[in-house]
file model.txt (compact mmCIF, C-alpha atoms and all ligand atoms)
# COMPACT_ATOMS: atom_id res chain seq x y z
CA MET A 1 102.94 89.43 92.01
CA ALA A 2 106.68 89.77 92.28
CA ASP A 3 107.17 86.20 93.35
CA GLN A 4 105.45 82.87 93.53
CA ALA A 5 106.52 81.77 97.01
CA ASN A 6 104.06 79.28 98.49
CA PRO A 7 102.47 81.18 101.41
CA PHE A 8 102.06 78.00 103.44
CA GLU A 9 105.79 77.27 103.17
CA SER A 10 106.46 80.89 104.16
CA LEU A 11 104.32 80.47 107.28
CA GLN A 12 106.12 77.25 108.19
CA GLU A 13 109.50 78.95 107.78
CA GLN A 14 108.38 81.83 110.01
CA VAL A 15 107.32 79.38 112.73
CA ASP A 16 110.62 77.47 112.43
CA ASP A 17 112.60 80.72 112.77
CA ALA A 18 110.88 81.51 116.05
CA ALA A 19 110.78 77.97 117.44
CA VAL A 20 114.54 78.00 118.05
CA ALA A 21 113.97 80.71 120.69
CA VAL A 22 111.12 78.85 122.42
CA ASP A 23 111.24 75.61 124.35
CA VAL A 24 109.09 73.48 122.08
CA SER A 25 109.39 69.76 121.38
CA PRO A 26 109.52 68.49 117.77
CA GLY A 27 106.05 66.91 118.11
CA VAL A 28 104.47 70.17 119.26
CA LEU A 29 106.37 72.14 116.62
CA LYS A 30 104.80 69.98 113.92
CA ARG A 31 101.41 70.79 115.42
CA LEU A 32 102.25 74.51 115.28
CA LYS A 33 103.04 74.27 111.56
CA ASN A 34 99.96 72.47 110.26
CA PRO A 35 96.22 73.10 110.34
CA GLU A 36 94.04 70.88 112.50
CA ARG A 37 91.61 70.40 109.63
CA VAL A 38 90.74 71.79 106.20
CA LEU A 39 87.40 71.61 104.42
CA GLU A 40 87.75 71.68 100.64
CA THR A 41 84.47 71.58 98.80
CA ASN A 42 82.44 72.30 95.69
CA LEU A 43 79.82 75.02 95.79
CA THR A 44 77.18 74.66 93.11
CA PHE A 45 74.83 77.59 92.68
CA GLU A 46 72.43 79.01 90.14
CA LEU A 47 73.42 81.84 87.82
CA ASP A 48 70.88 84.48 86.79
CA ASP A 49 70.37 82.78 83.41
CA GLY A 50 69.24 79.60 85.20
CA SER A 51 72.42 77.61 84.51
CA LEU A 52 74.51 76.07 87.28
CA GLU A 53 78.06 77.05 88.22
CA THR A 54 80.46 75.08 90.44
CA VAL A 55 83.39 76.72 92.22
CA ARG A 56 85.97 75.56 94.77
CA ALA A 57 85.84 76.75 98.38
CA TYR A 58 87.84 76.14 101.56
CA ARG A 59 87.76 76.62 105.32
CA SER A 60 90.91 75.89 107.29
CA GLN A 61 90.86 75.58 111.08
CA PHE A 62 94.49 75.95 112.02
CA ASN A 63 94.69 75.86 115.78
CA GLY A 64 92.03 76.01 118.50
CA ASP A 65 94.17 75.75 121.63
CA ARG A 66 93.32 79.28 122.80
CA GLY A 67 89.66 79.42 121.80
CA PRO A 68 87.29 79.27 118.83
CA TYR A 69 88.88 79.44 115.38
CA LYS A 70 88.68 82.99 114.03
CA GLY A 71 89.37 84.51 110.65
CA GLY A 72 87.95 85.93 107.47
CA ILE A 73 86.61 84.61 104.20
CA ARG A 74 88.10 85.91 100.95
CA TYR A 75 86.73 85.86 97.40
CA HIS A 76 89.62 85.92 94.95
CA PRO A 77 90.66 83.97 91.86
CA GLY A 78 94.05 83.27 93.47
CA VAL A 79 92.54 81.39 96.43
CA THR A 80 94.11 77.92 96.85
CA ARG A 81 94.14 75.31 99.58
CA ASP A 82 97.71 76.27 100.57
CA GLU A 83 96.89 79.98 100.63
CA VAL A 84 93.94 79.40 102.96
CA LYS A 85 96.05 77.12 105.18
CA ALA A 86 98.70 79.86 105.46
CA LEU A 87 96.15 82.57 106.14
CA SER A 88 94.54 80.45 108.87
CA GLY A 89 97.94 79.99 110.51
CA TRP A 90 98.64 83.70 110.38
CA MET A 91 95.28 84.21 112.12
CA ALA A 92 96.23 81.81 114.94
CA TYR A 93 99.51 83.67 115.54
CA LYS A 94 97.85 87.06 115.13
CA CYS A 95 95.18 86.32 117.74
CA ALA A 96 97.85 85.05 120.13
CA VAL A 97 100.18 88.03 119.65
CA VAL A 98 97.41 90.47 120.64
CA ASP A 99 96.19 88.01 123.30
CA LEU A 100 92.64 87.44 122.07
CA PRO A 101 90.95 84.26 123.35
CA TYR A 102 90.82 82.77 119.87
CA GLY A 103 92.53 80.26 117.66
CA GLY A 104 92.95 80.83 113.93
CA GLY A 105 90.94 79.96 110.85
CA LYS A 106 90.39 81.23 107.31
CA GLY A 107 88.12 80.55 104.38
CA GLY A 108 88.11 81.37 100.73
CA ILE A 109 86.26 80.90 97.47
CA ALA A 110 88.29 80.82 94.25
CA ILE A 111 86.30 83.33 92.21
CA ASP A 112 86.55 86.87 90.95
CA PRO A 113 83.43 88.46 92.46
CA ALA A 114 83.41 91.02 89.61
CA ASP A 115 82.27 88.16 87.34
CA TYR A 116 78.97 87.74 89.20
CA SER A 117 75.83 89.77 89.89
CA GLU A 118 74.73 90.59 93.42
CA THR A 119 72.01 87.91 93.35
CA GLU A 120 74.53 85.33 92.15
CA LEU A 121 76.93 86.32 94.92
CA GLU A 122 74.13 86.00 97.47
CA ARG A 123 73.28 82.48 96.29
CA LEU A 124 76.98 81.55 96.34
CA THR A 125 77.52 83.01 99.80
CA ARG A 126 74.47 81.19 101.19
CA ALA A 127 75.74 77.94 99.60
CA PHE A 128 79.08 78.44 101.37
CA ALA A 129 77.36 79.28 104.68
CA THR A 130 75.27 76.11 104.38
CA GLU A 131 78.39 74.05 103.65
CA ILE A 132 80.39 75.39 106.61
CA ARG A 133 77.43 75.49 109.02
CA PRO A 134 78.46 72.29 110.87
CA LEU A 135 81.93 73.75 111.45
CA ILE A 136 81.07 77.26 112.60
CA GLY A 137 79.28 78.65 115.64
CA GLU A 138 79.65 81.36 118.28
CA ASP A 139 81.91 79.07 120.33
CA ARG A 140 83.41 77.03 117.48
CA ASP A 141 84.61 79.04 114.52
CA ILE A 142 83.75 82.66 113.79
CA PRO A 143 84.31 83.93 110.22
CA ALA A 144 84.70 87.58 109.23
CA PRO A 145 85.44 89.72 106.15
CA ASP A 146 88.67 89.49 104.18
CA VAL A 147 89.72 90.41 100.62
CA ASN A 148 86.61 91.25 98.51
CA THR A 149 84.08 90.49 101.24
CA GLY A 150 82.40 92.87 103.67
CA GLN A 151 79.27 93.61 105.64
CA ARG A 152 76.93 92.41 102.89
CA GLU A 153 78.40 88.90 102.79
CA MET A 154 78.62 88.71 106.59
CA ASN A 155 74.93 89.66 106.92
CA TRP A 156 74.00 86.89 104.44
CA ILE A 157 76.07 84.30 106.32
CA LYS A 158 74.55 85.32 109.66
CA ASP A 159 71.04 85.07 108.21
CA THR A 160 71.70 81.67 106.60
CA TYR A 161 73.15 80.27 109.81
CA GLU A 162 70.42 81.65 112.06
CA THR A 163 67.66 80.46 109.72
CA LEU A 164 69.05 76.93 109.45
CA GLU A 165 69.77 76.71 113.18
CA ASN A 166 66.40 78.29 114.08
CA THR A 167 68.04 80.68 116.53
CA THR A 168 69.59 84.12 116.84
CA ALA A 169 73.37 83.95 117.08
CA PRO A 170 74.90 87.21 115.83
CA GLY A 171 78.27 86.22 117.31
CA VAL A 172 78.62 83.44 114.72
CA ILE A 173 80.23 85.98 112.40
CA THR A 174 81.82 89.41 112.75
CA GLY A 175 82.17 92.40 110.45
CA LYS A 176 78.40 92.71 110.11
CA ALA A 177 76.55 95.94 109.36
CA LEU A 178 75.64 97.95 112.47
CA ASP A 179 71.91 97.16 112.24
CA SER A 180 72.69 93.45 111.88
CA GLY A 181 74.76 93.31 115.07
CA GLY A 182 77.99 94.88 113.85
CA SER A 183 80.31 97.04 115.94
CA GLU A 184 81.17 100.69 115.75
CA GLY A 185 84.72 101.10 114.49
CA ARG A 186 85.00 97.65 112.83
CA VAL A 187 85.32 98.95 109.26
CA GLU A 188 88.18 101.30 110.23
CA ALA A 189 89.85 98.88 112.66
CA THR A 190 92.50 97.31 110.38
CA GLY A 191 93.63 100.69 109.06
CA ARG A 192 93.63 102.03 112.62
CA SER A 193 96.03 99.36 113.87
CA VAL A 194 98.25 100.01 110.84
CA ALA A 195 98.42 103.71 111.77
CA ILE A 196 99.00 102.95 115.47
CA SER A 197 101.77 100.50 114.51
CA ALA A 198 103.40 103.15 112.31
CA ARG A 199 103.26 105.67 115.16
CA GLU A 200 104.72 103.16 117.65
CA ILE A 201 107.62 102.00 115.45
CA PHE A 202 108.59 105.55 114.54
CA ASP A 203 108.49 106.42 118.22
CA TRP A 204 110.60 103.40 119.14
CA LEU A 205 113.15 104.32 116.45
CA ASP A 206 113.16 107.93 117.71
CA ARG A 207 111.89 109.17 114.41
CA ASP A 208 109.09 111.56 113.59
CA LEU A 209 106.04 110.24 111.73
CA ASP A 210 104.98 113.85 111.38
CA GLY A 211 106.32 114.86 107.96
CA ALA A 212 107.48 111.33 107.04
CA THR A 213 106.84 110.33 103.42
CA VAL A 214 104.56 107.33 102.95
CA ALA A 215 103.73 104.95 100.07
CA VAL A 216 100.75 102.60 100.26
CA GLN A 217 100.42 99.57 97.96
CA GLY A 218 96.76 98.46 97.76
CA TYR A 219 93.83 100.76 98.32
CA GLY A 220 91.08 98.54 99.69
CA ASN A 221 89.76 98.79 103.23
CA ALA A 222 93.09 98.46 105.07
CA GLY A 223 95.17 100.55 102.65
CA SER A 224 92.79 103.46 102.17
CA ILE A 225 91.82 103.83 105.82
CA GLY A 226 95.41 103.22 106.96
CA ALA A 227 96.56 105.99 104.59
CA SER A 228 93.94 108.39 105.88
CA LEU A 229 94.77 107.74 109.56
CA ILE A 230 98.54 107.98 108.94
CA ASP A 231 97.83 111.31 107.23
CA ASP A 232 95.94 112.37 110.39
CA LEU A 233 99.11 111.59 112.38
CA GLY A 234 101.12 113.94 110.14
CA GLY A 235 102.46 111.39 107.65
CA ASP A 236 102.77 112.66 104.09
CA VAL A 237 101.19 110.12 101.72
CA VAL A 238 103.03 110.63 98.41
CA ALA A 239 102.05 107.45 96.53
CA VAL A 240 99.27 104.89 96.51
CA SER A 241 98.28 102.07 94.17
CA ASP A 242 95.71 99.39 93.46
CA SER A 243 95.61 96.45 91.06
CA SER A 244 95.31 98.85 88.08
CA GLY A 245 98.48 100.80 88.92
CA GLY A 246 99.71 103.62 91.11
CA ILE A 247 100.01 107.38 91.46
CA TYR A 248 102.83 109.52 92.83
CA ASP A 249 102.99 113.17 93.82
CA ALA A 250 106.04 114.43 95.72
CA ALA A 251 103.85 117.15 97.23
CA GLY A 252 101.55 114.54 98.77
CA VAL A 253 97.97 113.45 98.01
CA ASP A 254 94.78 113.69 100.06
CA PRO A 255 94.02 110.03 100.91
CA ASP A 256 90.27 110.64 101.28
CA ALA A 257 90.04 112.45 97.95
CA VAL A 258 91.92 109.55 96.29
CA LYS A 259 89.44 107.14 97.87
CA ALA A 260 86.51 109.19 96.51
CA HIS A 261 88.18 109.11 93.06
CA LYS A 262 88.56 105.32 93.29
CA ASN A 263 84.92 104.90 94.35
CA GLU A 264 83.88 106.96 91.35
CA THR A 265 86.19 105.55 88.67
CA GLY A 266 87.12 102.11 90.01
CA SER A 267 90.83 102.93 90.44
CA VAL A 268 93.24 105.36 92.09
CA THR A 269 94.92 105.94 88.70
CA GLY A 270 94.16 109.21 86.97
CA TYR A 271 93.68 111.05 90.26
CA GLY A 272 94.50 114.78 90.10
CA ASP A 273 97.81 115.96 88.76
CA THR A 274 99.81 112.87 89.74
CA GLU A 275 102.53 110.87 88.03
CA THR A 276 101.67 107.28 87.07
CA VAL A 277 103.79 104.55 88.66
CA THR A 278 103.63 100.76 88.53
CA ASN A 279 103.12 98.73 91.70
CA GLU A 280 106.75 97.66 91.52
CA GLU A 281 107.93 101.25 91.21
CA LEU A 282 105.78 102.23 94.19
CA LEU A 283 107.31 99.48 96.32
CA THR A 284 110.81 100.77 95.59
CA LEU A 285 110.15 104.50 96.08
CA ASP A 286 112.50 106.38 98.35
CA VAL A 287 110.03 107.00 101.19
CA ASP A 288 110.29 106.84 104.98
CA LEU A 289 107.40 104.40 105.37
CA LEU A 290 106.07 101.73 103.03
CA VAL A 291 102.70 100.08 103.70
CA PRO A 292 102.01 96.96 101.59
CA ALA A 293 98.23 96.57 101.84
CA ALA A 294 97.38 94.21 98.97
CA LEU A 295 98.11 90.48 98.87
CA GLU A 296 100.81 87.97 99.78
CA ASN A 297 104.24 87.94 98.11
CA ALA A 298 104.25 91.62 97.09
CA ILE A 299 107.97 91.83 97.95
CA ASP A 300 110.34 88.92 97.34
CA GLY A 301 114.08 88.70 97.93
CA ASP A 302 114.99 90.36 94.62
CA LEU A 303 112.61 93.27 94.99
CA ALA A 304 113.69 93.69 98.61
CA GLU A 305 117.17 94.61 97.33
CA ALA A 306 115.58 97.61 95.61
CA VAL A 307 113.34 98.75 98.48
CA GLU A 308 114.31 102.28 99.54
CA ALA A 309 111.91 102.71 102.47
CA ASP A 310 113.34 102.73 106.00
CA VAL A 311 110.31 101.20 107.67
CA ILE A 312 107.62 98.77 106.44
CA VAL A 313 104.30 98.31 108.21
CA GLU A 314 102.42 95.31 106.83
CA ALA A 315 98.71 95.97 106.35
CA ALA A 316 98.22 92.91 104.11
CA ASN A 317 98.70 89.34 105.29
CA GLY A 318 102.00 87.86 104.16
CA PRO A 319 103.18 90.64 101.80
CA LEU A 320 106.90 89.84 102.38
CA THR A 321 108.45 86.49 101.58
CA PRO A 322 110.98 84.99 104.04
CA ASP A 323 113.72 85.84 101.50
CA ALA A 324 112.57 89.47 101.54
CA ASP A 325 112.76 89.45 105.34
CA ASP A 326 116.36 88.24 105.21
CA VAL A 327 117.40 90.89 102.68
CA LEU A 328 115.58 93.71 104.48
CA GLY A 329 117.09 92.63 107.80
CA GLU A 330 120.59 92.82 106.33
CA ARG A 331 119.75 96.25 104.93
CA ASP A 332 118.44 97.50 108.32
CA VAL A 333 114.89 98.07 107.09
CA TRP A 334 112.48 97.69 110.02
CA VAL A 335 109.30 95.67 109.48
CA VAL A 336 106.25 95.70 111.75
CA PRO A 337 104.77 92.28 110.93
CA ASP A 338 101.24 91.70 109.66
CA ILE A 339 100.28 89.63 112.71
CA LEU A 340 100.54 92.78 114.81
CA ALA A 341 100.09 95.65 112.34
CA ASN A 342 96.80 94.48 110.83
CA ALA A 343 95.46 92.86 114.01
CA GLY A 344 93.07 95.76 114.56
CA GLY A 345 90.51 94.03 112.35
CA VAL A 346 90.30 90.85 114.38
CA THR A 347 90.61 92.80 117.63
CA VAL A 348 87.47 94.80 116.89
CA SER A 349 85.87 91.58 115.59
CA TYR A 350 86.50 90.28 119.10
CA PHE A 351 84.84 93.39 120.57
CA GLU A 352 81.89 92.83 118.20
CA TRP A 353 81.59 89.22 119.37
CA VAL A 354 81.75 90.29 123.03
CA GLN A 355 78.99 92.86 122.39
CA ASN A 356 76.91 90.22 120.57
CA ARG A 357 77.30 87.76 123.45
CA GLN A 358 76.34 90.44 126.00
CA ARG A 359 73.61 91.96 123.77
CA PHE A 360 75.12 95.29 124.77
CA SER A 361 76.64 97.79 122.33
CA TRP A 362 79.73 99.89 122.96
CA SER A 363 80.28 103.48 121.81
CA GLU A 364 82.78 104.14 119.03
CA SER A 365 85.10 105.91 121.47
CA ARG A 366 85.12 102.88 123.78
CA VAL A 367 85.95 100.58 120.84
CA ASN A 368 88.79 102.84 119.69
CA GLU A 369 90.21 103.28 123.19
CA GLU A 370 90.26 99.52 123.80
CA LEU A 371 91.82 98.96 120.37
CA GLU A 372 94.50 101.56 121.08
CA ARG A 373 95.31 99.76 124.35
CA VAL A 374 95.50 96.30 122.76
CA ILE A 375 97.77 97.39 119.90
CA THR A 376 100.14 99.57 121.94
CA GLU A 377 100.49 96.95 124.70
CA SER A 378 101.08 94.24 122.10
CA PHE A 379 103.67 96.39 120.33
CA ASP A 380 105.48 96.87 123.66
CA GLY A 381 105.34 93.11 124.30
CA LEU A 382 106.82 92.42 120.90
CA VAL A 383 109.65 94.91 121.37
CA ASP A 384 110.37 93.45 124.83
CA ALA A 385 110.59 89.97 123.28
CA TYR A 386 112.86 91.31 120.53
CA GLU A 387 115.20 92.89 123.07
CA ALA A 388 115.17 89.86 125.40
CA THR A 389 115.94 87.25 122.75
CA ASP A 390 118.44 86.77 120.02
CA VAL A 391 115.93 86.74 117.17
CA GLN A 392 116.70 88.52 113.90
CA ASN A 393 113.66 90.73 113.51
CA LEU A 394 110.33 91.94 114.92
CA ARG A 395 108.40 89.28 113.00
CA THR A 396 110.27 86.47 114.70
CA ALA A 397 109.80 88.23 118.05
CA ALA A 398 106.05 88.34 117.40
CA TYR A 399 106.04 84.60 116.68
CA VAL A 400 108.01 83.96 119.87
CA VAL A 401 105.30 85.76 121.91
CA ALA A 402 102.49 83.97 120.06
CA ILE A 403 104.04 80.49 120.12
CA GLU A 404 104.67 80.74 123.88
CA ARG A 405 101.02 81.59 124.48
CA ILE A 406 99.69 78.81 122.25
CA VAL A 407 102.05 76.21 123.69
CA ASN A 408 101.16 77.23 127.25
CA ALA A 409 97.45 76.76 126.50
CA TYR A 410 98.18 73.40 124.90
CA ASP A 411 100.33 72.24 127.84
CA GLN A 412 97.88 73.49 130.46
CA ALA A 413 95.04 71.53 128.83
CA GLY A 414 96.97 68.39 129.83
CA SER A 415 96.55 65.04 128.13
CA TRP A 416 94.15 62.14 128.43
CA PRO A 417 95.87 59.38 130.36
N1 LIG A 501 90.40 89.20 107.63
C1 LIG A 501 90.93 89.94 108.74
C2 LIG A 501 92.35 89.48 109.05
O1 LIG A 501 93.03 88.95 108.21
C3 LIG A 501 90.00 89.97 109.94
C4 LIG A 501 89.67 88.65 110.55
C5 LIG A 501 88.61 88.69 111.65
O2 LIG A 501 88.11 89.76 111.95
O3 LIG A 501 88.30 87.61 112.16
O4 LIG A 501 92.84 89.71 110.11
call {"tool": "encode", "arguments": {"input": "model.txt", "output": "structure tokens", "more": "lines below"}}
Ligand code: GLU
result
Amino acid sequence: MADQANPFESLQEQVDDAAVAVDVSPGVLKRLKNPERVLETNLTFELDDGSLETVRAYRSQFNGDRGPYKGGIRYHPGVTRDEVKALSGWMAYKCAVVDLPYGGGKGGIAIDPADYSETELERLTRAFATEIRPLIGEDRDIPAPDVNTGQREMNWIKDTYETLENTTAPGVITGKALDSGGSEGRVEATGRSVAISAREIFDWLDRDLDGATVAVQGYGNAGSIGASLIDDLGGDVVAVSDSSGGIYDAAGVDPDAVKAHKNETGSVTGYGDTETVTNEELLTLDVDLLVPAALENAIDGDLAEAVEADVIVEAANGPLTPDADDVLGERDVWVVPDILANAGGVTVSYFEWVQNRQRFSWSESRVNEELERVITESFDGLVDAYEATDVQNLRTAAYVVAIERIVNAYDQAGSWP
């Protein structure tokens, strides 16, 4: 990582920046900057050799004024209490900016899943599901995938919850496999909103995405699918990276072929006849569009001075520090913030939950049409807020929209006399 900014402090700074443009009292502002509650717990589970392992896990419920808490669960050695608190806040603002009837939450387990077998991961995931069972529920808190988790883990959590509750409640979790109550289009949804956001910002700036050069940092679900869909829109993906390093080819790469190479070898590096670049070099390439799709703090204030891209679309959560935002703003680099650009994932999670509640499945084209509508309308709303206020960038405009919605819900709920 380029920088060790505390993500929770970054979130609080982002909220403060927007609060000056919204009529919010100091007491409510404090509420908007802190989670309602955080579970921090030990998970003890059995390893394949019969010994016991204990790891640290978290679930943060940030704000429930607009509906059930919603947000993923990540498995990563860098997971901390403050990281999960920040990520849960970003979920609350993300759900509000795209107007989903949800609050925000996030969970995490501080492990490297590569250190464990599948059976060990299943025992660990069921231990976590058992621990958070009193907190979650179709109308309470609805987890989903995040970094290093996917359909497999969601299916285990659903099964654990339903078994312990002696019911069927597929809407307790989203991002499930299709045959376990998942939705068409959910796997592609985050990458799809990244591509739609890229199209919309280029359009708004009167620039052509067709033929624009693109670099993508991080080649997991959001990065690889985002790259492929941007390529479909005519973008020219010239560089991509993952945690092992990056590749660059001025003539462009085929994002799907790079993905196949990564599936086969474990990394994008060594693909075809490409030049090797570091993650830092990739982030400072002279491209039209940069898509950070890895983790928080990829670009800090110092690295931002060296960024050559004209536009950044954030596929990851929190990839730019507040210092980076300031520098990029001064340098006229446009940033479509994470809480809009990667909101496709939670938006299709919402569609999955609606389908689960109705016990009625939608077609893939219906999912994608509704997603297209949500993201384009939200982008327009954000640009309107940017033009109507005095805020310094699109991120702050997004927070203005989100904070207004959350505060309205809070005010309208009234108080107990
Ligand atoms: N983990 C994803 C995010 O950060 C998706 C969350 C969800 O679907 O609830 O937005």
call {"tool": "closest_residue", "arguments": {"input": "model.txt", "among": "A:Thr396, A:Gly226, A:Gly234, A:Tyr219", "to": "Gly246 of chain A", "atoms": "all atoms listed in the file"}}
result
A:Tyr219
call {"tool": "residues_around", "arguments": {"input": "model.txt", "residues": "segment 109-118 of chain A", "least_positions_apart": "6", "cutoff": "6 Å", "atoms": "all atoms listed in the file", "output": "JSON, numbers by chain"}}
result
{"A": [56, 57, 75, 76, 77, 79]}
call {"tool": "axis_aligned_box", "arguments": {"input": "model.txt", "around": "ligand LIG 501 (chain A)", "padding_each_side": "6 Å", "output": "AutoDock Vina command-line options"}}
result
--center_x 90.6 --center_y 88.8 --center_z 109.9 --size_x 16.9 --size_y 14.4 --size_z 16.5
call {"tool": "residues_near_ligand", "arguments": {"input": "model.txt", "ligand": "ligand LIG 501 (chain A)", "cutoff": "9 Å", "atoms": "all atoms listed in the file", "output": "short mmCIF file (atom, residue, chain, number, x, y, z; two decimals) with C-alpha atoms, in the frame of the given file"}}
result
data_model
loop_
_atom_site.label_atom_id
_atom_site.label_comp_id
_atom_site.auth_asym_id
_atom_site.auth_seq_id
_atom_site.Cartn_x
_atom_site.Cartn_y
_atom_site.Cartn_z
CA TYR A 69 88.88 79.44 115.38
CA LYS A 70 88.68 82.99 114.03
CA GLY A 71 89.37 84.51 110.65
CA GLY A 72 87.95 85.93 107.47
CA ILE A 73 86.61 84.61 104.20
CA ARG A 74 88.10 85.91 100.95
CA LEU A 87 96.15 82.57 106.14
CA SER A 88 94.54 80.45 108.87
CA TRP A 90 98.64 83.70 110.38
CA MET A 91 95.28 84.21 112.12
CA LYS A 94 97.85 87.06 115.13
CA CYS A 95 95.18 86.32 117.74
CA GLY A 104 92.95 80.83 113.93
CA GLY A 105 90.94 79.96 110.85
CA LYS A 106 90.39 81.23 107.31
CA ILE A 142 83.75 82.66 113.79
CA PRO A 143 84.31 83.93 110.22
CA ALA A 144 84.70 87.58 109.23
CA PRO A 145 85.44 89.72 106.15
CA ASP A 146 88.67 89.49 104.18
CA VAL A 147 89.72 90.41 100.62
CA ILE A 173 80.23 85.98 112.40
CA THR A 174 81.82 89.41 112.75
CA GLY A 175 82.17 92.40 110.45
CA ARG A 186 85.00 97.65 112.83
CA THR A 190 92.50 97.31 110.38
CA ALA A 316 98.22 92.91 104.11
CA ASN A 317 98.70 89.34 105.29
CA ASP A 338 101.24 91.70 109.66
CA ILE A 339 100.28 89.63 112.71
CA ASN A 342 96.80 94.48 110.83
CA ALA A 343 95.46 92.86 114.01
CA GLY A 344 93.07 95.76 114.56
CA GLY A 345 90.51 94.03 112.35
CA VAL A 346 90.30 90.85 114.38
CA THR A 347 90.61 92.80 117.63
CA VAL A 348 87.47 94.80 116.89
CA SER A 349 85.87 91.58 115.59
CA TYR A 350 86.50 90.28 119.10
#
call {"tool": "closest_residue", "arguments": {"input": "model.txt", "among": "A:Ser51, A:Ser267, A:Ser197, A:Asn408", "to": "Leu371 of chain A", "atoms": "only C-alpha atoms"}}
result
A:Ser197
call {"tool": "closest_residue", "arguments": {"input": "model.txt", "among": "A:Ser415, A:Asn263, A:Gln14, A:Thr130", "to": "Glu165 of chain A", "atoms": "all atoms listed in the file"}}
result
A:Thr130
call {"tool": "atom_distance", "arguments": {"input": "model.txt", "atom1": "atom CA of Asp286 of chain A", "atom2": "atom CA of Asp310 of chain A"}}
result
8.5 Å
call {"tool": "atom_distance", "arguments": {"input": "model.txt", "atom1": "atom CA of Leu229 of chain A", "atom2": "atom CA of Gly171 of chain A"}}
result
28.2 Å
call {"tool": "residues_near_point", "arguments": {"input": "model.txt", "point": "(94.7, 77.6, 105.9)", "cutoff": "10 Å", "atoms": "only C-alpha atoms", "output": "PyMOL selection string"}}
result
chain A and resi 7-8+34-39+58-62+71+80-91+104-108
call {"tool": "residues_around", "arguments": {"input": "model.txt", "residues": "Ala409 of chain A", "least_positions_apart": "2", "cutoff": "12 Å", "atoms": "all atoms listed in the file", "output": "ChimeraX atom specification"}}
result
/A:63-67,96,99,101-103,402-407,411-415
call {"tool": "write_last_selection", "arguments": {"input": "model.txt", "atoms": "C-alpha atoms", "output": "PDB file, in the frame of the given file"}}
result
ATOM      1  CA  ASN A  63      94.690  75.860 115.780  1.00  0.00           C
ATOM      2  CA  GLY A  64      92.030  76.010 118.500  1.00  0.00           C
ATOM      3  CA  ASP A  65      94.170  75.750 121.630  1.00  0.00           C
ATOM      4  CA  ARG A  66      93.320  79.280 122.800  1.00  0.00           C
ATOM      5  CA  GLY A  67      89.660  79.420 121.800  1.00  0.00           C
ATOM      6  CA  ALA A  96      97.850  85.050 120.130  1.00  0.00           C
ATOM      7  CA  ASP A  99      96.190  88.010 123.300  1.00  0.00           C
ATOM      8  CA  PRO A 101      90.950  84.260 123.350  1.00  0.00           C
ATOM      9  CA  TYR A 102      90.820  82.770 119.870  1.00  0.00           C
ATOM     10  CA  GLY A 103      92.530  80.260 117.660  1.00  0.00           C
ATOM     11  CA  ALA A 402     102.490  83.970 120.060  1.00  0.00           C
ATOM     12  CA  ILE A 403     104.040  80.490 120.120  1.00  0.00           C
ATOM     13  CA  GLU A 404     104.670  80.740 123.880  1.00  0.00           C
ATOM     14  CA  ARG A 405     101.020  81.590 124.480  1.00  0.00           C
ATOM     15  CA  ILE A 406      99.690  78.810 122.250  1.00  0.00           C
ATOM     16  CA  VAL A 407     102.050  76.210 123.690  1.00  0.00           C
ATOM     17  CA  ASP A 411     100.330  72.240 127.840  1.00  0.00           C
ATOM     18  CA  GLN A 412      97.880  73.490 130.460  1.00  0.00           C
ATOM     19  CA  ALA A 413      95.040  71.530 128.830  1.00  0.00           C
ATOM     20  CA  GLY A 414      96.970  68.390 129.830  1.00  0.00           C
ATOM     21  CA  SER A 415      96.550  65.040 128.130  1.00  0.00           C
TER      22      SER A 415
END
call {"tool": "residues_near_point", "arguments": {"input": "model.txt", "point": "(118.7, 91.9, 108.0)", "cutoff": "12 Å", "atoms": "all atoms listed in the file", "output": "MDAnalysis selection string"}}
result
chainID A and resid 301 304:305 322:335 391:395
call {"tool": "write_last_selection", "arguments": {"input": "model.txt", "atoms": "C-alpha atoms", "output": "PDB file, keeping the file's coordinate frame"}}
result
ATOM      1  CA  GLY A 301     114.080  88.700  97.930  1.00  0.00           C
ATOM      2  CA  ALA A 304     113.690  93.690  98.610  1.00  0.00           C
ATOM      3  CA  GLU A 305     117.170  94.610  97.330  1.00  0.00           C
ATOM      4  CA  PRO A 322     110.980  84.990 104.040  1.00  0.00           C
ATOM      5  CA  ASP A 323     113.720  85.840 101.500  1.00  0.00           C
ATOM      6  CA  ALA A 324     112.570  89.470 101.540  1.00  0.00           C
ATOM      7  CA  ASP A 325     112.760  89.450 105.340  1.00  0.00           C
ATOM      8  CA  ASP A 326     116.360  88.240 105.210  1.00  0.00           C
ATOM      9  CA  VAL A 327     117.400  90.890 102.680  1.00  0.00           C
ATOM     10  CA  LEU A 328     115.580  93.710 104.480  1.00  0.00           C
ATOM     11  CA  GLY A 329     117.090  92.630 107.800  1.00  0.00           C
ATOM     12  CA  GLU A 330     120.590  92.820 106.330  1.00  0.00           C
ATOM     13  CA  ARG A 331     119.750  96.250 104.930  1.00  0.00           C
ATOM     14  CA  ASP A 332     118.440  97.500 108.320  1.00  0.00           C
ATOM     15  CA  VAL A 333     114.890  98.070 107.090  1.00  0.00           C
ATOM     16  CA  TRP A 334     112.480  97.690 110.020  1.00  0.00           C
ATOM     17  CA  VAL A 335     109.300  95.670 109.480  1.00  0.00           C
ATOM     18  CA  VAL A 391     115.930  86.740 117.170  1.00  0.00           C
ATOM     19  CA  GLN A 392     116.700  88.520 113.900  1.00  0.00           C
ATOM     20  CA  ASN A 393     113.660  90.730 113.510  1.00  0.00           C
ATOM     21  CA  LEU A 394     110.330  91.940 114.920  1.00  0.00           C
ATOM     22  CA  ARG A 395     108.400  89.280 113.000  1.00  0.00           C
TER      23      ARG A 395
END
